[in-house]
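Text of work_23.csv, listed as CSV, C-alpha atoms:
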```csv
chain,number,residue,atom,x,y,z
A,723,MET,CA,25.0,14.4,24.6
A,724,ASP,CA,28.1,13.3,22.6
A,725,LEU,CA,29.7,11.8,25.7
A,726,LEU,CA,26.8,9.5,26.4
A,727,ASN,CA,26.5,8.4,22.7
A,728,THR,CA,30.2,7.6,22.7
A,729,LEU,CA,29.9,5.6,25.9
A,730,VAL,CA,26.9,3.6,24.7
A,731,ASP,CA,28.7,2.7,21.5
A,732,LYS,CA,31.7,1.6,23.4
A,733,GLY,CA,29.6,-0.4,25.9
A,734,LEU,CA,27.8,-2.3,23.1
A,735,ARG,CA,31.3,-3.2,21.7
A,736,ARG,CA,32.8,-4.0,25.2
A,737,GLU,CA,35.3,-1.3,24.5
A,738,LEU,CA,37.0,0.4,27.5
A,739,PRO,CA,36.2,4.1,27.9
A,740,THR,CA,38.9,6.6,28.6
A,741,ARG,CA,39.6,7.7,32.1
A,742,GLU,CA,38.4,11.2,31.1
A,743,GLU,CA,35.1,9.8,29.9
A,744,ALA,CA,34.6,7.9,33.1
A,745,LEU,CA,35.3,11.0,35.2
A,746,ALA,CA,33.0,13.0,33.0
A,747,VAL,CA,30.1,10.7,33.9
A,748,LEU,CA,30.7,11.4,37.6
A,749,ALA,CA,30.8,15.1,36.8
A,750,THR,CA,27.4,15.3,35.0
A,751,SER,CA,24.8,17.5,36.5
A,752,ASP,CA,21.5,16.5,38.1
A,753,ASP,CA,19.7,18.0,35.0
A,754,GLU,CA,21.5,15.3,32.9
A,755,LEU,CA,20.9,12.5,35.3
A,756,LEU,CA,18.0,10.8,33.5
A,757,ASP,CA,20.0,10.9,30.3
A,758,VAL,CA,22.9,9.2,32.0
A,759,VAL,CA,20.6,6.5,33.4
A,760,ALA,CA,19.0,6.0,30.0
A,761,ALA,CA,22.4,5.6,28.3
A,762,ALA,CA,23.6,3.1,30.9
A,763,GLY,CA,20.3,1.3,30.5
A,764,LYS,CA,20.9,0.7,26.9
A,765,VAL,CA,24.2,-1.1,27.7
A,766,ARG,CA,22.6,-3.0,30.5
A,767,ARG,CA,19.8,-4.3,28.3
A,768,GLN,CA,22.2,-5.3,25.5
A,769,TRP,CA,23.9,-7.8,27.8
A,770,PHE,CA,21.3,-8.7,30.4
A,771,GLY,CA,17.9,-7.7,29.1
A,772,ARG,CA,15.5,-6.8,31.8
A,773,ARG,CA,16.6,-9.6,34.2
A,774,VAL,CA,17.5,-9.0,37.8
A,775,LYS,CA,19.5,-11.6,39.6
A,776,LEU,CA,18.8,-12.0,43.3
A,777,ASN,CA,21.6,-12.9,45.8
A,778,TYR,CA,21.2,-13.7,49.5
A,779,LEU,CA,23.8,-13.2,52.3
A,780,VAL,CA,24.4,-15.7,55.1
A,781,ASN,CA,26.7,-14.4,57.8
A,782,LEU,CA,28.4,-17.6,59.0
A,783,LYS,CA,30.4,-15.9,61.7
A,784,SER,CA,29.7,-12.4,62.9
A,785,GLY,CA,31.9,-9.8,64.5
A,786,LEU,CA,35.2,-10.3,66.5
A,787,CYS,CA,37.4,-9.6,63.5
A,788,PRO,CA,41.1,-8.7,64.1
A,789,GLU,CA,41.4,-6.5,61.0
A,790,ASP,CA,41.1,-2.7,61.1
A,791,CYS,CA,39.0,-1.9,58.1
A,792,SER,CA,37.6,1.5,59.0
A,793,TYR,CA,34.2,1.0,57.2
A,794,CYS,CA,33.3,-2.3,59.0
A,795,SER,CA,31.0,-2.8,62.0
A,796,GLN,CA,32.7,-6.1,62.6
A,797,ARG,CA,36.2,-4.7,63.1
A,798,LEU,CA,38.2,-5.2,66.3
A,799,GLY,CA,37.4,-2.3,68.5
A,800,SER,CA,34.0,-1.5,66.9
A,801,THR,CA,31.4,-0.4,69.4
A,802,ALA,CA,28.5,-0.9,66.9
A,803,GLY,CA,25.8,-3.0,68.6
A,804,ILE,CA,25.9,-5.8,66.1
A,805,LEU,CA,25.2,-9.5,66.5
A,806,LYS,CA,28.3,-11.4,67.5
A,807,TYR,CA,28.4,-15.2,67.2
A,808,THR,CA,30.8,-18.0,66.1
A,809,TRP,CA,30.5,-20.4,63.2
A,810,LEU,CA,27.0,-21.6,62.2
A,811,LYS,CA,26.6,-25.3,61.8
A,812,PRO,CA,26.2,-26.5,58.2
A,813,GLU,CA,22.5,-27.3,58.8
A,814,GLU,CA,21.9,-23.9,60.4
A,815,ALA,CA,23.5,-22.2,57.4
A,816,SER,CA,21.5,-24.3,55.0
A,817,GLN,CA,18.3,-23.3,56.8
A,818,ALA,CA,19.3,-19.6,56.5
A,819,ALA,CA,20.1,-20.0,52.8
A,820,ALA,CA,16.7,-21.7,52.2
A,821,ALA,CA,14.9,-18.5,53.2
A,822,GLY,CA,16.7,-16.6,50.5
A,823,VAL,CA,16.1,-19.3,47.9
A,824,ALA,CA,12.4,-19.3,48.8
A,825,GLY,CA,12.4,-15.6,48.1
A,826,GLY,CA,13.8,-16.2,44.6
A,827,ALA,CA,17.6,-15.9,45.3
A,828,LYS,CA,19.7,-17.7,42.7
A,829,ARG,CA,23.0,-17.3,44.6
A,830,VAL,CA,23.9,-17.6,48.3
A,831,CYS,CA,26.9,-15.8,49.5
A,832,LEU,CA,28.5,-17.4,52.6
A,833,VAL,CA,30.5,-14.8,54.6
A,834,ALA,CA,32.7,-15.1,57.6
A,835,SER,CA,34.5,-12.2,59.4
A,836,GLY,CA,38.2,-12.5,59.9
A,837,ARG,CA,41.5,-11.9,58.1
A,838,GLY,CA,41.2,-15.2,56.3
A,839,PRO,CA,40.3,-18.9,56.8
A,840,THR,CA,42.4,-21.6,58.4
A,841,ASP,CA,42.5,-24.9,56.6
A,842,ARG,CA,40.0,-26.2,59.2
A,843,ASP,CA,37.7,-23.2,58.4
A,844,VAL,CA,37.9,-24.1,54.7
A,845,GLU,CA,36.9,-27.7,55.6
A,846,ARG,CA,34.0,-26.4,57.7
A,847,VAL,CA,32.8,-24.1,54.9
A,848,GLY,CA,33.2,-27.0,52.4
A,849,LYS,CA,30.8,-29.1,54.5
A,850,THR,CA,28.4,-26.2,54.6
A,851,ILE,CA,28.5,-25.7,50.8
A,852,GLU,CA,27.8,-29.4,50.3
A,853,THR,CA,24.8,-29.3,52.7
A,854,ILE,CA,23.3,-26.2,51.0
A,855,LYS,CA,23.7,-27.7,47.6
A,856,GLU,CA,22.1,-31.0,48.7
A,857,GLN,CA,19.1,-29.2,50.1
A,858,ASN,CA,18.7,-26.5,47.4
A,859,GLU,CA,19.0,-27.9,43.9
A,860,GLY,CA,20.6,-25.6,41.3
A,861,ILE,CA,21.7,-22.9,43.8
A,862,GLU,CA,25.0,-21.1,43.2
A,863,VAL,CA,27.3,-20.6,46.2
A,864,CYS,CA,29.8,-17.8,46.6
A,865,ALA,CA,32.3,-18.0,49.5
A,866,CYS,CA,33.6,-14.8,51.1
A,867,LEU,CA,36.1,-15.7,53.8
A,868,GLY,CA,38.9,-13.1,53.5
A,869,LEU,CA,42.4,-13.5,52.3
A,870,LEU,CA,43.2,-17.0,50.8
A,871,SER,CA,46.3,-19.1,51.3
A,872,ASP,CA,47.7,-21.3,48.6
A,873,GLY,CA,45.5,-24.2,47.8
A,874,GLN,CA,42.4,-23.0,49.6
A,875,ALA,CA,40.6,-21.7,46.6
A,876,GLU,CA,41.0,-25.1,45.0
A,877,ARG,CA,39.6,-26.9,48.0
A,878,LEU,CA,36.6,-24.6,48.0
A,879,ARG,CA,36.0,-25.3,44.3
A,880,GLU,CA,36.2,-29.1,45.0
A,881,ALA,CA,33.6,-28.7,47.8
A,882,GLY,CA,31.2,-27.1,45.3
A,883,ALA,CA,31.8,-23.4,45.5
A,884,ASP,CA,31.0,-21.6,42.3
A,885,ALA,CA,32.5,-18.2,43.1
A,886,TYR,CA,34.6,-16.3,45.5
A,887,ASN,CA,34.1,-12.7,46.7
A,888,HIS,CA,36.8,-10.4,47.8
A,889,ASN,CA,36.3,-6.7,47.2
A,890,LEU,CA,39.0,-4.1,46.3
A,891,ASN,CA,36.9,-1.5,48.1
A,892,THR,CA,38.9,1.6,47.1
A,893,SER,CA,41.8,2.7,45.0
A,894,GLU,CA,45.3,1.4,45.5
A,895,GLY,CA,46.5,5.0,46.2
A,896,THR,CA,44.2,5.5,49.2
A,897,TYR,CA,43.9,1.9,50.4
A,898,GLY,CA,46.3,2.4,53.3
A,899,GLU,CA,44.1,5.2,54.7
A,900,ILE,CA,41.2,2.8,55.1
A,901,THR,CA,43.0,-0.4,56.2
A,902,THR,CA,46.4,-1.0,57.7
A,903,THR,CA,46.4,-4.6,58.7
A,904,HIS,CA,46.6,-5.9,55.1
A,905,THR,CA,47.4,-4.4,51.8
A,906,TYR,CA,45.7,-3.7,48.5
A,907,ALA,CA,48.1,-6.2,46.9
A,908,ASP,CA,46.9,-8.9,49.4
A,909,ARG,CA,43.4,-8.4,48.1
A,910,VAL,CA,44.5,-8.6,44.4
A,911,ASP,CA,46.4,-11.8,45.2
A,912,THR,CA,43.2,-13.4,46.6
A,913,VAL,CA,41.2,-12.5,43.6
A,914,GLN,CA,43.9,-14.0,41.4
A,915,LYS,CA,43.9,-17.2,43.4
A,916,ALA,CA,40.1,-17.5,42.9
A,917,HIS,CA,40.5,-17.0,39.2
A,918,ALA,CA,43.3,-19.6,39.0
A,919,ALA,CA,41.2,-22.2,40.8
A,920,GLY,CA,38.4,-21.8,38.3
A,921,LEU,CA,36.1,-19.9,40.6
A,922,SER,CA,34.1,-17.0,39.3
A,923,ALA,CA,35.7,-13.9,40.7
A,924,CYS,CA,33.4,-11.5,42.5
A,925,SER,CA,35.0,-8.2,43.4
A,926,GLY,CA,33.7,-4.7,43.9
A,927,LEU,CA,34.0,-1.4,45.8
A,928,ILE,CA,32.6,0.7,48.5
A,929,ALA,CA,31.6,4.3,47.6
A,930,GLY,CA,31.1,7.1,50.1
A,931,MET,CA,34.2,6.8,52.3
A,932,GLY,CA,35.4,10.3,51.4
A,933,GLU,CA,37.1,9.2,48.2
A,934,SER,CA,37.6,11.4,45.1
A,935,ASP,CA,36.2,10.8,41.7
A,936,GLU,CA,39.7,9.8,40.6
A,937,ASP,CA,39.7,7.1,43.3
A,938,LEU,CA,36.4,5.7,42.1
A,939,VAL,CA,37.6,5.6,38.5
A,940,ASP,CA,40.9,4.0,39.6
A,941,VAL,CA,39.3,1.1,41.5
A,942,VAL,CA,36.7,0.4,38.7
A,943,PHE,CA,39.4,0.4,36.1
A,944,ALA,CA,41.4,-2.0,38.3
A,945,LEU,CA,38.3,-4.3,38.5
A,946,ARG,CA,38.0,-4.2,34.7
A,947,GLU,CA,41.7,-5.2,34.5
A,948,LEU,CA,41.1,-8.0,37.0
A,949,ASP,CA,38.3,-9.3,34.9
A,950,SER,CA,35.9,-9.9,37.8
A,951,ASP,CA,32.8,-11.7,36.8
A,952,SER,CA,30.6,-9.7,39.2
A,953,VAL,CA,31.1,-6.3,40.6
A,954,PRO,CA,29.2,-5.4,43.8
A,955,VAL,CA,28.8,-1.7,44.3
A,956,ASN,CA,28.5,-0.9,48.0
A,957,PHE,CA,27.4,2.4,49.4
A,958,LEU,CA,29.0,3.0,52.9
A,959,ILE,CA,26.6,2.6,55.8
A,960,PRO,CA,28.2,4.8,58.4
A,961,PHE,CA,27.7,2.7,61.5
A,962,GLU,CA,28.0,4.5,64.8
A,963,GLY,CA,31.0,3.0,66.6
A,964,THR,CA,33.2,2.9,63.5
A,965,PRO,CA,35.8,5.4,62.3
A,966,LEU,CA,33.7,6.4,59.3
A,967,ALA,CA,30.5,7.0,61.3
A,968,LYS,CA,30.4,10.6,60.2
A,969,GLU,CA,31.0,10.1,56.5
A,970,TRP,CA,27.7,11.0,54.8
A,971,HIS,CA,28.8,12.1,51.3
A,972,LEU,CA,26.3,10.3,49.1
A,973,THR,CA,23.1,11.5,47.5
A,974,PRO,CA,20.8,9.3,45.4
A,975,GLN,CA,21.9,11.2,42.3
A,976,ARG,CA,25.6,10.5,43.0
A,977,CYS,CA,24.9,6.8,43.6
A,978,LEU,CA,23.2,6.6,40.2
A,979,ARG,CA,26.2,8.3,38.5
A,980,ILE,CA,28.6,5.9,40.2
A,981,LEU,CA,26.6,2.9,39.1
A,982,ALA,CA,26.4,4.3,35.5
A,983,MET,CA,30.2,4.8,35.5
A,984,VAL,CA,30.7,1.2,36.6
A,985,ARG,CA,28.4,0.0,33.9
A,986,PHE,CA,30.2,1.9,31.1
A,987,VAL,CA,33.6,0.6,32.3
A,988,CYS,CA,32.4,-2.9,32.9
A,989,PRO,CA,29.6,-3.3,30.3
A,990,ASP,CA,29.1,-7.0,30.2
A,991,VAL,CA,29.5,-7.9,33.9
A,992,GLU,CA,27.1,-8.6,36.7
A,993,VAL,CA,26.9,-5.1,38.3
A,994,ARG,CA,25.3,-5.7,41.7
A,995,ILE,CA,23.7,-3.0,43.9
A,996,ALA,CA,25.0,-4.1,47.3
A,997,GLY,CA,25.0,-2.7,50.8
A,998,GLY,CA,23.6,0.7,51.5
A,999,ARG,CA,21.2,1.0,48.6
A,1000,GLU,CA,18.2,1.5,50.9
A,1001,VAL,CA,20.1,4.1,52.9
A,1002,HIS,CA,21.5,6.2,50.0
A,1003,LEU,CA,19.3,5.5,46.9
A,1004,ARG,CA,16.1,5.4,49.0
A,1005,THR,CA,13.1,6.1,46.7
A,1006,MET,CA,15.3,6.2,43.6
A,1007,GLN,CA,16.2,2.5,43.9
A,1008,PRO,CA,14.0,1.5,41.0
A,1009,LEU,CA,16.0,3.8,38.7
A,1010,ALA,CA,19.2,1.9,39.7
A,1011,LEU,CA,17.7,-1.3,38.2
A,1012,HIS,CA,18.0,0.3,34.8
A,1013,ILE,CA,21.8,0.3,35.3
A,1014,ALA,CA,22.6,-2.7,37.5
A,1015,ASN,CA,21.3,-6.3,36.9
A,1016,SER,CA,21.7,-7.8,40.3
A,1017,ILE,CA,20.8,-7.0,44.0
A,1018,PHE,CA,20.9,-8.6,47.4
A,1019,LEU,CA,17.6,-9.8,48.7
A,1020,GLY,CA,16.5,-8.8,52.2
A,1021,ASP,CA,19.1,-8.2,55.0
A,1022,TYR,CA,22.9,-7.7,54.9
A,1023,LEU,CA,25.5,-9.1,57.3
A,1024,THR,CA,25.0,-6.8,60.2
A,1025,SER,CA,22.4,-4.3,58.9
A,1026,GLU,CA,18.8,-4.7,57.9
A,1027,GLY,CA,17.7,-4.2,54.3
A,1028,GLN,CA,14.1,-3.6,53.1
A,1029,ALA,CA,11.8,-6.5,53.3
A,1030,GLY,CA,12.3,-9.2,50.7
A,1031,GLN,CA,8.8,-8.8,49.4
A,1032,ALA,CA,9.4,-5.1,48.9
A,1033,ASP,CA,12.4,-5.9,46.8
A,1034,LEU,CA,10.3,-8.3,44.6
A,1035,ASP,CA,7.5,-5.7,44.3
A,1036,MET,CA,10.1,-3.0,43.3
A,1037,ILE,CA,11.5,-5.2,40.5
A,1038,ALA,CA,8.0,-6.0,39.1
A,1039,ASP,CA,6.8,-2.4,39.4
A,1040,ALA,CA,9.8,-1.1,37.5
A,1041,GLY,CA,9.1,-3.5,34.6
A,1042,PHE,CA,11.9,-6.0,35.3
A,1043,GLU,CA,11.8,-9.8,36.0
A,1044,VAL,CA,13.6,-12.0,38.5
A,1045,GLU,CA,16.2,-14.1,36.8
A,1046,GLY,CA,15.3,-17.8,37.0
A,1047,ALA,CA,17.6,-20.6,38.1
A,1048,GLY,CA,17.7,-22.0,34.5
A,1049,THR,CA,19.0,-18.8,33.0
A,1050,THR,CA,22.7,-18.1,32.6
A,1051,THR,CA,23.5,-14.7,34.0
A,1052,LEU,CA,26.5,-14.0,31.9
A,1053,PRO,CA,26.5,-13.1,28.2
A,1054,LYS,CA,27.5,-16.1,26.1
A,1055,HIS,CA,31.0,-14.9,25.5
A,1056,ARG,CA,31.7,-14.6,29.2
A,1057,ALA,CA,30.0,-17.8,30.2
A,1058,ASP,CA,31.9,-19.7,27.6
A,1059,ALA,CA,35.2,-18.2,28.8
A,1060,LEU,CA,34.4,-19.1,32.4
A,1061,ALA,CA,33.5,-22.6,31.4
A,1062,ALA,CA,36.7,-23.0,29.4
A,1063,ALA,CA,38.6,-21.9,32.5
A,1064,GLY,CA,37.0,-24.7,34.5
A,1065,GLY,CA,34.5,-22.5,36.3
A,1066,GLY,CA,30.8,-22.1,36.0
A,1067,CYS,CA,28.1,-21.0,38.5
A,1068,GLY,CA,25.1,-23.2,38.9
A,1069,SER,CA,23.1,-23.0,35.8
A,1070,GLY,CA,25.8,-21.5,33.7
A,1071,ALA,CA,28.2,-18.7,35.0
A,1072,SER,CA,26.2,-16.5,37.2
A,1073,ALA,CA,28.1,-13.3,37.1
A,1074,GLY,CA,29.5,-11.2,34.4
A,1075,GLY,CA,33.1,-10.0,34.4
A,1076,CYS,CA,34.7,-6.6,33.8
A,1077,GLY,CA,35.6,-6.8,30.1
A,1078,SER,CA,36.4,-10.0,28.3
A,1079,HIS,CA,39.0,-12.5,29.4
A,1080,ALA,CA,41.0,-11.7,26.3
A,1081,GLU,CA,41.2,-8.1,27.4
A,1082,ALA,CA,42.5,-8.7,30.9
A,1083,GLU,CA,44.2,-11.6,32.7
A,1084,ALA,CA,45.4,-9.7,35.7
A,1085,GLY,CA,43.6,-10.1,39.0
A,1086,ALA,CA,42.8,-7.7,41.8
A,1087,ASP,CA,40.2,-7.6,44.5
A,1088,ALA,CA,39.3,-7.6,48.0
A,1089,GLY,CA,36.6,-9.4,49.9
A,1090,ALA,CA,34.0,-7.7,51.9
A,1091,CYS,CA,30.4,-8.8,52.3
A,1092,ALA,CA,31.2,-6.2,54.9
A,1093,ALA,CA,28.3,-6.0,57.1
A,1094,GLN,CA,27.7,-2.3,56.8
A,1095,ALA,CA,28.9,-2.0,53.2
A,1096,GLY,CA,27.5,-5.2,51.7
A,1097,GLY,CA,30.1,-6.8,49.5
A,1098,CYS,CA,31.8,-10.0,50.7
A,1099,GLY,CA,35.0,-10.4,52.7
A,1100,PRO,CA,37.2,-9.5,55.7
A,1101,CYS,CA,36.3,-6.7,58.1
A,1102,GLY,CA,38.7,-5.4,60.6
A,1103,GLY,CA,40.3,-3.5,63.5
A,1104,HIS,CA,41.0,0.0,64.9
A,1105,ALA,CA,40.9,3.5,63.6
A,1106,ALA,CA,42.3,4.8,60.4
A,1107,GLU,CA,42.0,8.3,59.1
A,1108,PRO,CA,39.2,8.9,56.5
A,1109,VAL,CA,40.3,9.2,52.9
A,1110,ALA,CA,40.6,12.5,51.1
A,1111,GLU,CA,37.4,14.6,51.0
A,1112,ALA,CA,35.0,13.9,48.2
A,1113,ALA,CA,33.9,16.8,46.1
A,1114,GLY,CA,31.2,18.8,47.7
A,1115,GLU,CA,30.0,19.1,51.3
A,1116,ALA,CA,29.0,16.0,53.3
A,1117,ASN,CA,25.3,15.5,53.7
A,1118,PRO,CA,23.6,15.5,57.1
A,1119,ALA,CA,23.8,12.2,58.9
A,1120,ARG,CA,20.7,10.0,58.5
A,1121,THR,CA,21.3,7.6,61.4
A,1122,ASP,CA,17.6,6.9,61.4
A,1123,LEU,CA,18.1,4.9,58.2
A,1124,VAL,CA,20.7,2.5,59.7
A,1125,ALA,CA,19.2,-0.5,61.4
A,1126,VAL,CA,21.3,-3.2,63.0
A,1127,ARG,CA,20.3,-6.7,62.0
A,1128,ARG,CA,18.5,-8.6,64.7
A,1129,ARG,CA,16.9,-11.4,62.7
A,1130,GLY,CA,18.0,-14.3,60.5
A,1131,ALA,CA,21.3,-16.1,60.8
A,1132,GLY,CA,22.6,-16.4,64.3
A,1133,THR,CA,19.2,-15.5,65.9
A,1134,ASP,CA,16.0,-17.2,66.7
A,1135,LEU,CA,14.0,-14.7,64.5
A,1136,ALA,CA,13.0,-15.5,60.9
A,1137,PRO,CA,14.8,-13.5,58.2
A,1138,ASN,CA,12.9,-11.0,56.1
A,1139,ALA,CA,13.7,-12.5,52.7
```
Encoding of this model in structure tokens:
Amino acid sequence: MDLLNTLVDKGLRRELPTREEALAVLATSDDELLDVVAAAGKVRRQWFGRRVKLNYLVNLKSGLCPEDCSYCSQRLGSTAGILKYTWLKPEEASQAAAAGVAGGAKRVCLVASGRGPTDRDVERVGKTIETIKEQNEGIEVCACLGLLSDGQAERLREAGADAYNHNLNTSEGTYGEITTTHTYADRVDTVQKAHAAGLSACSGLIAGMGESDEDLVDVVFALRELDSDSVPVNFLIPFEGTPLAKEWHLTPQRCLRILAMVRFVCPDVEVRIAGGREVHLRTMQPLALHIANSIFLGDYLTSEGQAGQADLDMIADAGFEVEGAGTTTLPKHRADALAAAGGGCGSGASAGGCGSHAEAEAGADAGACAAQAGGCGPCGGHAAEPVAEAAGEANPARTDLVAVRRRGAGTDLAPNA
């Protein structure tokens, strides 16, 4: 297929596809799906070989968020039966992180619900970061605390944070239909603050909220322009008790096409399969490893993932290998650019950005290790109308696939990492 040959050539050169080419990937048929995966796989192997980076979520503070993000089970007014607890102590958080590290995780993502941290919260998280790094040598730490105020990113960096996550989630044009208590521009500003402080910027999206193909392309092009080092791709988990509970638009095939489009637009970045992969990719998860080079291990913030050992078995069975702590995740040109900017993640920059720093200096992003969507950042409040209908009919709800997390951080039960 000429389209795929063109996209592979551009990906190997880090050249931006056209919007029409990105839209064409999303419009390919199921008969062409394996060709799309194979083409994206060539680009993935060029920059990341057959390595898979493992990341582990620790929910420092769960639920009780004042924001109104429609996708989030932690939003104010959510009736989802999730765990609710206030800040974990540094030692408790470190113990939770150790479970992920023992399972092979190279990065720990510390997440707290809320609009954004107070200066006291930043100090608290700073102590947690120091404790985790003292007890887990070589581990990368990504903070995900919502919207940042001036100076907070610098203080997190001084405390030892390597990265900051704040997801854009959806396109600027439809953002107001998903969240009303903060703006798309607020999210962009936070990503820019993280960049300026020398933190590796982690910013991604949530697919499956009723968005159009154009919305998906818009947000991924924005992430490329922001030059995020890692791009988590979340697939909406429609929690009962949230405004988007009935939004079941995704199929495994569509998820693979979305991941491929992200890889073609952001060829040399860490593309992470985040929340919802078990729910929407299901038995086709191993195919997604040919496109993405990073996953979360075990459970998410408020929902359960598959067992950590199942993740490790899947990686091995698909012919991939877990990325070791001594390996730099990013391709050399990106790792060097991050180091020059004063950043660096653990063993060398842990995440790849959307395009090169020379190509984009803008910033945009929004945080959300959102419990049900699995990125990193703030989750929020009351109802907002669903976004425009995606192409095609919604799929039947599979609520049997959605399990609320009852183990790990904030509980007396061991995690499944």
task: Kindly provide, as a list in words, the polymer residues lying within 10 Å of (27.5, -9.2, 66.6), counting all atoms listed in the file and using the coordinates exactly as they appear in the file.
output: Lys783, Ser784, Gly785, Leu786, Ser795, Gln796, Ala802, Gly803, Ile804, Leu805, Lys806, Tyr807, Thr808, Leu1023, Thr1024, Val1126, Arg1127, Arg1128 and Gly1132 of chain A
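From CA of Ala1010 (chain A) back to CA of Val1044 (chain A), the distance works out to 15.0 Å.
With distances taken over all atoms listed in the file, A:Ile1013 is the one residue among A:Val1124, A:Leu867, A:Cys977, A:Ile1013 lying closest to Arg994 (chain A).
Our summary of the geometry notes that CA of Ala760 (chain A) is positioned 16.9 Å from CA of Leu1003 (chain A).
Minimum atom-to-atom distance to Gly860 (chain A), evaluated using only C-alpha atoms, belongs to A:Ala827 out of A:Ala827, A:Val991, A:Ala1038, A:Val730.
Ranking A:Ser1016, A:Asn1117, A:Gln1031, A:Ser934 by their shortest atom-to-atom distance to Pro974 (chain A), with only C-alpha atoms included, puts A:Asn1117 first.
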field: Between CA of Gly826 (chain A) and CA of Arg999 (chain A), distance in Å (one decimal)
entry: 19.1 Å
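With all atoms listed in the file as the atoms that count, the minimum distance from Val823 (chain A) to the choices A:Ala1125, A:Ala1059, A:Ala1014, A:Ile861 is reached by A:Ile861.
If only C-alpha atoms are the atoms counted, then among A:Arg1120, A:Ala1136, A:Gln975, A:Ala929 the closest residue to Ser751 (chain A) is A:Gln975.
Within 9 Å of Glu1045 (chain A), once all atoms listed in the file are used and residues closer than 6 positions along the same chain are dropped, the contacting residues are Arg772, Arg773, Val774, Lys775, Leu776, Gly826, Ala827, Lys828 and Thr1051 of chain A.
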field: Which of A:Pro1053, A:Pro1118, A:Pro1008, A:Gly822 sits closest to Pro960 (chain A) [using all atoms listed in the file]
entry: A:Pro1118
query: Which neighbours of region 935-943 of chain A fall inside 10 Å, counting all atoms listed in the file, when residues of the same chain fewer than 5 positions from it are skipped, and could you give them as a PyMOL selection string?
result: chain A and resi 738-749+890-897+925-930+948-949+953+955+980+983-985+987-988+1076+1086-1087+1109-1110+1112-1113
Using 12 Å as the limit and counting all atoms listed in the file, can you tabulate each residue of region 907-988 of chain A that touches region 872-885 of chain A, with its shortest atom-to-atom distance in Å and the two atoms involved, as JSON lines?
```
{"residue": "A:Asp911", "atom": "CA", "partner": "A:Asp872", "partner_atom": "CA", "distance": 10.2}
{"residue": "A:Thr912", "atom": "CA", "partner": "A:Ala875", "partner_atom": "CA", "distance": 8.7}
{"residue": "A:Val913", "atom": "CA", "partner": "A:Ala875", "partner_atom": "CA", "distance": 9.7}
{"residue": "A:Gln914", "atom": "CA", "partner": "A:Ala875", "partner_atom": "CA", "distance": 9.9}
{"residue": "A:Lys915", "atom": "CA", "partner": "A:Ala875", "partner_atom": "CA", "distance": 6.4}
{"residue": "A:Ala916", "atom": "CA", "partner": "A:Ala875", "partner_atom": "CA", "distance": 5.6}
{"residue": "A:His917", "atom": "CA", "partner": "A:Ala875", "partner_atom": "CA", "distance": 8.8}
{"residue": "A:Ala918", "atom": "CA", "partner": "A:Ala875", "partner_atom": "CA", "distance": 8.3}
{"residue": "A:Ala919", "atom": "CA", "partner": "A:Glu876", "partner_atom": "CA", "distance": 5.1}
{"residue": "A:Gly920", "atom": "CA", "partner": "A:Arg879", "partner_atom": "CA", "distance": 7.3}
{"residue": "A:Leu921", "atom": "CA", "partner": "A:Ala885", "partner_atom": "CA", "distance": 4.7}
{"residue": "A:Ser922", "atom": "CA", "partner": "A:Ala885", "partner_atom": "CA", "distance": 4.3}
{"residue": "A:Ala923", "atom": "CA", "partner": "A:Ala885", "partner_atom": "CA", "distance": 5.9}
{"residue": "A:Cys924", "atom": "CA", "partner": "A:Ala885", "partner_atom": "CA", "distance": 6.8}
{"residue": "A:Ser925", "atom": "CA", "partner": "A:Ala885", "partner_atom": "CA", "distance": 10.3}
{"residue": "A:Ser950", "atom": "CA", "partner": "A:Ala885", "partner_atom": "CA", "distance": 10.4}
{"residue": "A:Asp951", "atom": "CA", "partner": "A:Ala885", "partner_atom": "CA", "distance": 9.1}
{"residue": "A:Ser952", "atom": "CA", "partner": "A:Ala885", "partner_atom": "CA", "distance": 9.5}
```
- request: Skip Val1001 (chain A) itself and residues of its chain fewer than 6 positions away, then list as a ChimeraX atom specification all residues within 9 Å of it, counting all atoms listed in the file.
  value: /A:957-959,1027,1120,1123-1124
task: Find the residues near region 834-840 of chain A: any atom within 7 Å, counting only C-alpha atoms, skip ones fewer than 6 places away on the same chain, and give them as a ChimeraX atom specification.
output: /A:781-785,787-789,866-870,1099-1101
File of the preceding selection, C-alpha atoms, as a PDB file, in the frame of the given file:
```
ATOM      1  CA  ASN A 781      26.700 -14.400  57.800  1.00  0.00           C
ATOM      2  CA  LEU A 782      28.400 -17.600  59.000  1.00  0.00           C
ATOM      3  CA  LYS A 783      30.400 -15.900  61.700  1.00  0.00           C
ATOM      4  CA  SER A 784      29.700 -12.400  62.900  1.00  0.00           C
ATOM      5  CA  GLY A 785      31.900  -9.800  64.500  1.00  0.00           C
ATOM      6  CA  CYS A 787      37.400  -9.600  63.500  1.00  0.00           C
ATOM      7  CA  PRO A 788      41.100  -8.700  64.100  1.00  0.00           C
ATOM      8  CA  GLU A 789      41.400  -6.500  61.000  1.00  0.00           C
ATOM      9  CA  CYS A 866      33.600 -14.800  51.100  1.00  0.00           C
ATOM     10  CA  LEU A 867      36.100 -15.700  53.800  1.00  0.00           C
ATOM     11  CA  GLY A 868      38.900 -13.100  53.500  1.00  0.00           C
ATOM     12  CA  LEU A 869      42.400 -13.500  52.300  1.00  0.00           C
ATOM     13  CA  LEU A 870      43.200 -17.000  50.800  1.00  0.00           C
ATOM     14  CA  GLY A1099      35.000 -10.400  52.700  1.00  0.00           C
ATOM     15  CA  PRO A1100      37.200  -9.500  55.700  1.00  0.00           C
ATOM     16  CA  CYS A1101      36.300  -6.700  58.100  1.00  0.00           C
TER      17      CYS A1101
END
```
